[in-house]
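So this block is my_file19.txt, compact mmCIF, C-alpha atoms (C1' of nucleotides):
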```txt
# COMPACT_ATOMS: atom_id res chain seq x y z
CA MET A 1 114.37 87.67 155.64
CA PHE A 2 112.03 86.20 153.02
CA SER A 3 109.78 88.20 150.71
CA LYS A 4 106.07 88.12 151.49
CA THR A 5 105.65 86.05 148.35
CA CYS A 6 108.10 83.52 149.70
CA GLU A 7 106.46 83.38 153.11
CA TYR A 8 103.12 82.64 151.45
CA ALA A 9 104.77 80.09 149.19
CA ILE A 10 106.27 78.14 152.06
CA ARG A 11 103.06 78.23 154.06
CA ALA A 12 101.00 77.20 151.05
CA MET A 13 103.31 74.32 150.20
CA ILE A 14 103.31 73.00 153.75
CA PHE A 15 99.52 73.31 153.77
CA ILE A 16 99.15 71.45 150.47
CA ALA A 17 101.57 68.79 151.68
CA GLN A 18 99.44 68.23 154.72
CA LYS A 19 96.27 67.84 152.64
CA SER A 20 98.09 65.63 150.17
CA GLU A 21 98.83 63.27 153.04
CA TYR A 22 95.25 62.10 152.55
CA GLY A 23 95.51 62.14 148.75
CA VAL A 24 93.18 65.12 148.68
CA LYS A 25 93.51 67.93 146.17
CA VAL A 26 92.99 71.35 147.60
CA GLY A 27 91.70 74.46 145.82
CA ILE A 28 92.97 78.00 145.96
CA LYS A 29 90.11 79.12 148.16
CA ALA A 30 90.80 76.49 150.77
CA ILE A 31 94.51 77.22 150.69
CA SER A 32 93.84 80.92 150.96
CA LYS A 33 91.71 80.36 154.04
CA GLY A 34 93.98 77.70 155.45
CA ILE A 35 97.02 79.93 155.52
CA ASN A 36 95.25 83.28 155.72
CA ALA A 37 96.68 84.75 152.54
CA PRO A 38 95.17 86.69 149.62
CA GLU A 39 93.52 84.26 147.24
CA HIS A 40 94.58 85.61 143.86
CA PHE A 41 98.04 86.33 145.07
CA ILE A 42 98.84 82.79 146.17
CA ALA A 43 97.16 81.61 142.97
CA LYS A 44 99.90 83.47 141.13
CA ILE A 45 102.60 82.07 143.33
CA LEU A 46 101.38 78.50 142.98
CA GLN A 47 101.09 78.85 139.21
CA GLU A 48 104.76 79.70 139.17
CA LEU A 49 105.70 76.85 141.47
CA SER A 50 103.56 74.57 139.37
CA ARG A 51 105.40 75.65 136.23
CA LYS A 52 108.64 74.82 137.98
CA GLY A 53 107.32 71.40 138.94
CA LEU A 54 107.39 71.93 142.69
CA VAL A 55 103.65 71.43 143.02
CA GLN A 56 101.10 69.61 140.88
CA SER A 57 97.70 70.90 139.85
CA ALA A 58 94.53 69.68 138.17
CA LYS A 59 91.85 71.82 136.57
CA GLY A 60 88.14 71.26 136.68
CA PRO A 61 85.81 69.75 139.26
CA ASN A 62 87.63 67.92 142.02
CA GLY A 63 90.74 69.67 140.81
CA GLY A 64 93.17 71.67 142.85
CA PHE A 65 96.74 71.54 144.01
CA PHE A 66 98.49 68.50 145.36
CA LEU A 67 101.91 66.97 145.78
CA GLU A 68 102.98 63.74 144.15
CA ALA A 69 105.45 61.57 146.02
CA GLU A 70 108.54 63.16 144.51
CA SER A 71 107.36 66.69 145.27
CA LYS A 72 106.80 65.85 148.91
CA LYS A 73 110.52 65.33 149.19
CA ASN A 74 111.30 68.86 148.09
CA SER A 75 112.99 70.95 150.73
CA LEU A 76 111.97 74.37 151.90
CA ALA A 77 115.24 75.60 150.43
CA ASP A 78 113.95 74.47 147.03
CA ILE A 79 110.86 76.62 147.53
CA VAL A 80 112.89 79.62 148.64
CA ARG A 81 115.22 79.28 145.67
CA ALA A 82 112.28 79.01 143.27
CA VAL A 83 110.62 82.13 144.65
CA ASP A 84 113.34 84.46 145.93
CA GLY A 85 116.31 83.06 144.06
CA ASP A 86 119.48 82.19 145.92
CA LYS A 87 120.69 85.64 146.90
CA LEU A 88 119.69 84.90 150.48
CA PHE A 89 121.96 81.87 150.47
CA THR A 90 124.86 83.22 148.45
CA GLY A 91 124.62 87.02 148.20
CA CYS A 92 126.60 89.48 150.28
CA GLY A 93 124.88 90.52 153.49
CA LEU A 94 125.81 94.15 152.86
CA GLY A 95 124.65 94.07 149.24
CA LEU A 96 128.07 94.15 147.60
CA LYS A 97 128.17 92.46 144.21
CA ASN A 98 131.89 91.80 144.25
CA CYS A 99 132.09 90.59 147.82
CA SER A 100 134.12 87.39 147.83
CA GLU A 101 136.85 85.53 149.64
CA LYS A 102 139.39 87.77 147.90
CA MET A 103 137.45 91.01 148.42
CA PRO A 104 135.33 90.35 151.49
CA CYS A 105 133.02 92.87 153.11
CA PRO A 106 133.60 93.42 156.82
CA LEU A 107 130.99 90.82 157.72
CA HIS A 108 131.76 88.31 155.00
CA ASN A 109 132.93 85.48 157.24
CA GLU A 110 130.32 86.08 159.88
CA PHE A 111 127.52 86.05 157.32
CA LYS A 112 128.90 82.91 155.77
CA VAL A 113 128.30 81.01 158.98
CA ILE A 114 124.77 82.32 159.45
CA ARG A 115 123.79 81.76 155.85
CA LYS A 116 125.10 78.23 155.90
CA GLN A 117 123.07 77.41 158.96
CA LEU A 118 119.98 78.98 157.46
CA HIS A 119 120.53 77.07 154.26
CA ASP A 120 121.22 73.77 156.02
CA MET A 121 118.11 74.20 158.12
CA LEU A 122 115.90 74.85 155.10
CA GLN A 123 117.64 72.24 152.98
CA SER A 124 117.01 69.56 155.56
CA SER A 125 113.34 70.42 156.04
CA THR A 126 110.91 68.87 153.60
CA VAL A 127 107.55 70.38 152.80
CA ALA A 128 105.83 67.25 154.11
CA GLU A 129 107.60 66.78 157.43
CA PHE A 130 105.20 68.96 159.40
CA ASN A 131 102.05 67.04 158.53
CA LYS A 132 101.60 65.31 161.86
CA GLU A 133 102.32 68.34 163.99
CA LEU A 134 99.86 70.37 161.94
CA ILE A 135 97.14 67.78 162.23
CA GLN A 136 97.72 67.49 165.94
CA GLY A 137 97.46 71.27 166.23
CA MET A 138 100.96 71.59 167.59
CA LYS A 139 102.03 73.88 164.77
CA HIS A 140 100.11 76.57 162.89
CA LEU A 141 100.05 78.25 159.51
CA LYS A 142 97.49 81.00 160.07
CA ARG A 143 97.89 84.45 161.58
CA MET B 1 117.92 89.79 154.68
CA PHE B 2 118.35 93.52 155.24
CA SER B 3 116.63 96.27 153.26
CA LYS B 4 118.79 98.17 150.79
CA THR B 5 118.48 101.13 153.12
CA CYS B 6 119.91 99.06 155.94
CA GLU B 7 122.77 97.74 153.85
CA TYR B 8 123.74 101.30 152.94
CA ALA B 9 123.38 102.36 156.56
CA ILE B 10 125.73 99.70 157.85
CA ARG B 11 128.28 100.37 155.15
CA ALA B 12 128.08 104.12 155.70
CA MET B 13 128.46 103.80 159.46
CA ILE B 14 131.48 101.52 159.15
CA PHE B 15 132.94 103.95 156.62
CA ILE B 16 132.38 106.94 158.89
CA ALA B 17 133.80 105.04 161.82
CA GLN B 18 136.94 104.38 159.87
CA LYS B 19 137.36 108.05 158.96
CA SER B 20 136.55 109.08 162.50
CA GLU B 21 139.50 107.01 163.63
CA TYR B 22 141.58 109.98 162.48
CA GLY B 23 139.17 112.54 163.93
CA VAL B 24 138.15 113.51 160.41
CA LYS B 25 134.64 114.52 159.48
CA VAL B 26 133.43 113.12 156.21
CA GLY B 27 130.87 114.62 153.85
CA ILE B 28 128.01 112.94 152.04
CA LYS B 29 129.83 113.03 148.73
CA ALA B 30 132.87 111.24 150.11
CA ILE B 31 130.69 108.69 151.87
CA SER B 32 128.67 108.17 148.71
CA LYS B 33 131.83 107.46 146.74
CA GLY B 34 133.45 105.51 149.52
CA ILE B 35 130.68 102.98 149.76
CA ASN B 36 129.33 103.31 146.22
CA ALA B 37 125.82 104.35 147.16
CA PRO B 38 123.44 107.04 145.86
CA GLU B 39 124.33 110.37 147.44
CA HIS B 40 120.93 111.83 148.31
CA PHE B 41 119.67 108.50 149.47
CA ILE B 42 122.34 107.91 152.08
CA ALA B 43 121.97 111.57 153.05
CA LYS B 44 118.41 110.70 154.03
CA ILE B 45 119.47 107.61 155.88
CA LEU B 46 122.18 109.41 157.82
CA GLN B 47 119.82 112.25 158.73
CA GLU B 48 117.62 109.66 160.36
CA LEU B 49 120.50 107.97 162.15
CA SER B 50 121.71 111.40 163.23
CA ARG B 51 118.29 112.21 164.68
CA LYS B 52 118.48 108.97 166.61
CA GLY B 53 121.90 109.85 167.90
CA LEU B 54 123.77 107.00 166.25
CA VAL B 55 125.96 109.35 164.23
CA GLN B 56 127.00 112.96 164.73
CA SER B 57 127.05 115.70 162.13
CA ALA B 58 128.23 119.26 161.68
CA LYS B 59 127.01 121.73 159.10
CA GLY B 60 129.08 124.25 157.20
CA PRO B 61 132.67 124.24 155.91
CA ASN B 62 134.73 121.41 157.35
CA GLY B 63 131.48 119.87 158.43
CA GLY B 64 130.31 116.37 157.77
CA PHE B 65 129.51 113.20 159.62
CA PHE B 66 131.58 111.68 162.38
CA LEU B 67 131.35 109.44 165.40
CA GLU B 68 132.05 110.57 168.90
CA ALA B 69 133.54 108.03 171.30
CA GLU B 70 130.21 106.74 172.58
CA SER B 71 128.83 106.25 169.07
CA LYS B 72 131.82 104.17 168.06
CA LYS B 73 130.69 101.61 170.59
CA ASN B 74 127.31 101.15 168.91
CA SER B 75 126.74 97.70 167.54
CA LEU B 76 125.60 96.80 164.05
CA ALA B 77 122.46 95.44 165.68
CA ASP B 78 121.75 98.98 166.89
CA ILE B 79 121.99 100.23 163.30
CA VAL B 80 119.76 97.46 161.99
CA ARG B 81 117.16 98.12 164.68
CA ALA B 82 117.21 101.86 163.94
CA VAL B 83 116.69 101.31 160.22
CA ASP B 84 114.71 98.10 159.75
CA GLY B 85 113.21 97.78 163.21
CA ASP B 86 113.50 94.51 165.07
CA LYS B 87 111.23 92.27 162.99
CA LEU B 88 114.33 90.53 161.66
CA PHE B 89 115.32 89.64 165.22
CA THR B 90 111.93 88.88 166.68
CA GLY B 91 109.36 88.43 163.91
CA CYS B 92 108.09 85.10 162.59
CA GLY B 93 110.09 83.74 159.69
CA LEU B 94 106.89 82.82 157.86
CA GLY B 95 105.27 86.20 158.48
CA LEU B 96 102.72 85.07 161.06
CA LYS B 97 101.74 87.79 163.52
CA ASN B 98 100.56 85.42 166.21
CA CYS B 99 103.42 82.97 165.95
CA SER B 100 104.65 82.28 169.46
CA GLU B 101 105.77 79.55 171.80
CA LYS B 102 102.12 78.63 172.33
CA MET B 103 101.14 78.88 168.66
CA PRO B 104 104.36 78.23 166.79
CA CYS B 105 104.71 78.10 163.01
CA PRO B 106 106.33 74.94 161.68
CA LEU B 107 109.75 76.57 161.66
CA HIS B 108 109.42 78.53 164.87
CA ASN B 109 112.12 76.73 166.83
CA GLU B 110 114.48 76.46 163.91
CA PHE B 111 114.20 80.17 163.15
CA LYS B 112 114.73 81.00 166.77
CA VAL B 113 118.19 79.51 166.65
CA ILE B 114 119.17 81.23 163.42
CA ARG B 115 117.81 84.59 164.50
CA LYS B 116 119.61 84.42 167.81
CA GLN B 117 122.91 83.73 166.09
CA LEU B 118 122.33 86.55 163.63
CA HIS B 119 121.43 88.87 166.46
CA ASP B 120 124.38 87.84 168.61
CA MET B 121 126.73 88.29 165.71
CA LEU B 122 125.46 91.80 164.96
CA GLN B 123 125.18 92.72 168.62
CA SER B 124 128.79 91.83 169.26
CA SER B 125 130.12 93.73 166.25
CA THR B 126 130.78 97.44 166.75
CA VAL B 127 130.78 99.93 163.91
CA ALA B 128 134.40 100.76 164.63
CA GLU B 129 135.92 97.32 164.90
CA PHE B 130 136.72 97.02 161.20
CA ASN B 131 138.87 100.15 160.97
CA LYS B 132 142.22 98.42 160.77
CA GLU B 133 141.16 95.77 158.29
CA LEU B 134 139.65 98.46 156.07
CA ILE B 135 142.77 100.60 156.18
CA GLN B 136 144.94 97.59 155.44
CA GLY B 137 142.71 96.78 152.49
CA MET B 138 141.75 93.41 153.88
CA LYS B 139 138.05 94.26 153.89
CA HIS B 140 136.00 96.31 151.46
CA LEU B 141 132.86 98.45 151.41
CA LYS B 142 132.50 99.19 147.70
CA ARG B 143 130.92 97.14 144.94
C1' DA C 1 76.81 68.34 124.18
C1' DT C 2 76.29 71.17 128.28
C1' DA C 3 76.95 73.18 132.62
C1' DA C 4 79.76 73.55 136.47
C1' DT C 5 84.20 73.70 138.42
C1' DA C 6 88.81 75.19 139.10
C1' DA C 7 93.36 76.48 137.57
C1' DA C 8 95.95 79.56 134.05
C1' DA C 9 96.72 83.82 132.26
C1' DG C 10 96.88 88.61 131.83
C1' DA C 11 95.85 93.24 132.80
C1' DC C 12 95.45 96.48 136.55
C1' DA C 13 95.85 98.94 141.01
C1' DA C 14 97.75 100.08 145.44
C1' DA C 15 101.43 100.38 148.56
C1' DA C 16 106.07 100.34 149.82
C1' DA C 17 110.86 100.86 148.86
C1' DA C 18 114.39 103.02 146.49
C1' DC C 19 116.11 106.96 144.58
C1' DT C 20 116.33 112.19 142.90
C1' DC C 21 115.98 117.08 143.01
C1' DT C 22 115.36 121.60 145.10
C1' DT C 23 115.17 124.69 148.86
C1' DT C 24 116.36 125.92 153.54
C1' DT C 25 119.23 126.33 157.55
C1' DA C 26 123.42 126.39 160.09
C1' DT C 27 128.35 127.16 160.25
C1' DT C 28 132.79 128.83 159.02
C1' DA C 29 136.34 131.50 156.91
C1' DT C 30 137.31 135.73 154.77
C1' DA D 1 128.66 141.33 156.73
C1' DT D 2 129.41 138.13 152.94
C1' DA D 3 130.26 134.15 150.40
C1' DA D 4 131.06 129.45 150.49
C1' DT D 5 130.20 125.07 152.39
C1' DA D 6 127.63 121.22 153.88
C1' DA D 7 123.85 119.05 156.32
C1' DA D 8 118.56 119.22 157.02
C1' DA D 9 114.28 119.19 155.17
C1' DG D 10 110.75 118.41 152.00
C1' DA D 11 108.62 117.33 147.78
C1' DG D 12 108.60 114.43 144.01
C1' DT D 13 109.72 110.34 140.89
C1' DT D 14 110.71 105.61 139.66
C1' DT D 15 110.77 100.91 140.50
C1' DT D 16 109.49 96.87 142.89
C1' DT D 17 106.46 94.36 145.60
C1' DT D 18 102.08 93.19 146.86
C1' DG D 19 97.53 92.53 145.89
C1' DT D 20 93.01 92.55 142.88
C1' DC D 21 89.92 91.69 139.08
C1' DT D 22 88.48 89.67 134.74
C1' DT D 23 88.82 86.50 131.05
C1' DT D 24 90.37 82.14 129.20
C1' DT D 25 91.34 77.28 129.14
C1' DA D 26 91.01 72.65 130.73
C1' DT D 27 88.47 69.00 133.04
C1' DT D 28 84.65 66.56 134.92
C1' DA D 29 80.00 65.06 135.76
C1' DT D 30 75.51 65.03 134.04
```
Please express what this file holds, its structure, as structure tokens.
Amino acid sequence: MFSKTCEYAIRAMIFIAQKSEYGVKVGIKAISKGINAPEHFIAKILQELSRKGLVQSAKGPNGGFFLEAESKKNSLADIVRAVDGDKLFTGCGLGLKNCSEKMPCPLHNEFKVIRKQLHDMLQSSTVAEFNKELIQGMKHLKR
Amino acid sequence: MFSKTCEYAIRAMIFIAQKSEYGVKVGIKAISKGINAPEHFIAKILQELSRKGLVQSAKGPNGGFFLEAESKKNSLADIVRAVDGDKLFTGCGLGLKNCSEKMPCPLHNEFKVIRKQLHDMLQSSTVAEFNKELIQGMKHLKR
DNA sequence: ATAATAAAAGACAAAAAACTCTTTTATTAT
DNA sequence: ATAATAAAAGAGTTTTTTGTCTTTTATTAT
């Protein structure tokens, strides 16, 4: 469904959001441990998301990644789009470039429904909405 | 969503089903052209599906791939499972191995709904049900 | 100013996925 | 029997994805 990169990205962002709840910046090492993902790899991913303004970062001692108020409102769909592009939301399920209403693939209409629901679900979920459940241990990001 | 391999597989199977409607066997070259996919690559894919009994084949002159009655009843979910396995239907959306009802990822319940709908949709679609629409030119498998 | 910290950047490496080419085997028609 | 046909099999290549390692740059505290 998502690329590994995207899975890590979503998990990392939710993790950072949770830490940012307390106004705490969190370093790559802590994120890496917190979501059980390869350190340098998520570093890369977060650099990219940082460049795109979806996450904020600070260098030096006491530095790390964090989310300012506006960024906490970003949806998971925003993350997915930033990492995997929007082919998941708009591309043809059978990989046809010219698939469209006029030239639909056999599953065009069926996929449309599924994709819309997937998109709506991700669009309506913010990175910060899981904070409480995570703190309470009702939801998990590792393993 | 699906791997490229799986996209080709579905398209090839629907294509073969349509040709099999007339009791005609269809060769790799024709399939390759018919669904606009690399010849040797779909050959590989169909060999695998053939081994698993999802498609039938005959060597020699007038040989090719075809679907016997039973195989026409196979669902697209069967194809997907044979090619990509069932991680799309059962795996965690965020890539967590231990994600479960007891230790759910933040999106566990949301994904469950989407995945079920995707699965139901594919499970209820047979490879042969698009024959008429394809013949009438209402649905397409190329480009 | 200096040392310590932590992200940014860039070059590499490994693994998986996608794709190609060649040889072999089975079948059919002549 | 032979030649032609077409899938099966296997080896190999390319590209993409995933993951690692090292160096650089920015910031902070002393």
Inset, instruction - Kindly give the distance, in Å, that separates atom CA of Asn74 of chain B and atom CA of Leu54 of chain B, rounded to a single decimal. - result: 7.3 Å
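The interface of chain B with chain D at 7 Å, considering all atoms listed in the file, consists of Ala58, Lys59, Gly60, Pro61, Gly63 and Gly64 of chain B.
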So that I have them on file, write out the residues from the current selection with C-alpha atoms, as a compact mmCIF listing (two decimals), keeping the file's coordinate frame.
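Output (part_24.txt):
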```txt
# COMPACT_ATOMS: atom_id res chain seq x y z
CA ALA B 58 128.23 119.26 161.68
CA LYS B 59 127.01 121.73 159.10
CA GLY B 60 129.08 124.25 157.20
CA PRO B 61 132.67 124.24 155.91
CA GLY B 63 131.48 119.87 158.43
CA GLY B 64 130.31 116.37 157.77
```
Inset, instruction - Return the single residue from B:Glu7, B:Glu70, B:Glu48, B:Asp84 that is closest to chain A, with distances computed using all atoms listed in the file. - result: B:Glu7
Inset, instruction - One decimal, Å: what's the distance from atom CA of Leu96 of chain A over to atom CA of Gly95 of chain B, could you say? - result: 26.5 Å
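Residue-level contacts from chain C to chain B at 8 Å, counting all atoms listed in the file, read DA18, DC19, DT20, DA26, DT27 and DT28 of chain C.
Residue-level contact on chain B: within 6 Å of chain A, counting only C-alpha atoms, the set is Met1, Glu7, Leu94, Leu96, Lys97, Asn98, Pro104, Cys105, Pro106, Lys139, His140, Leu141 and Arg143 of chain B.
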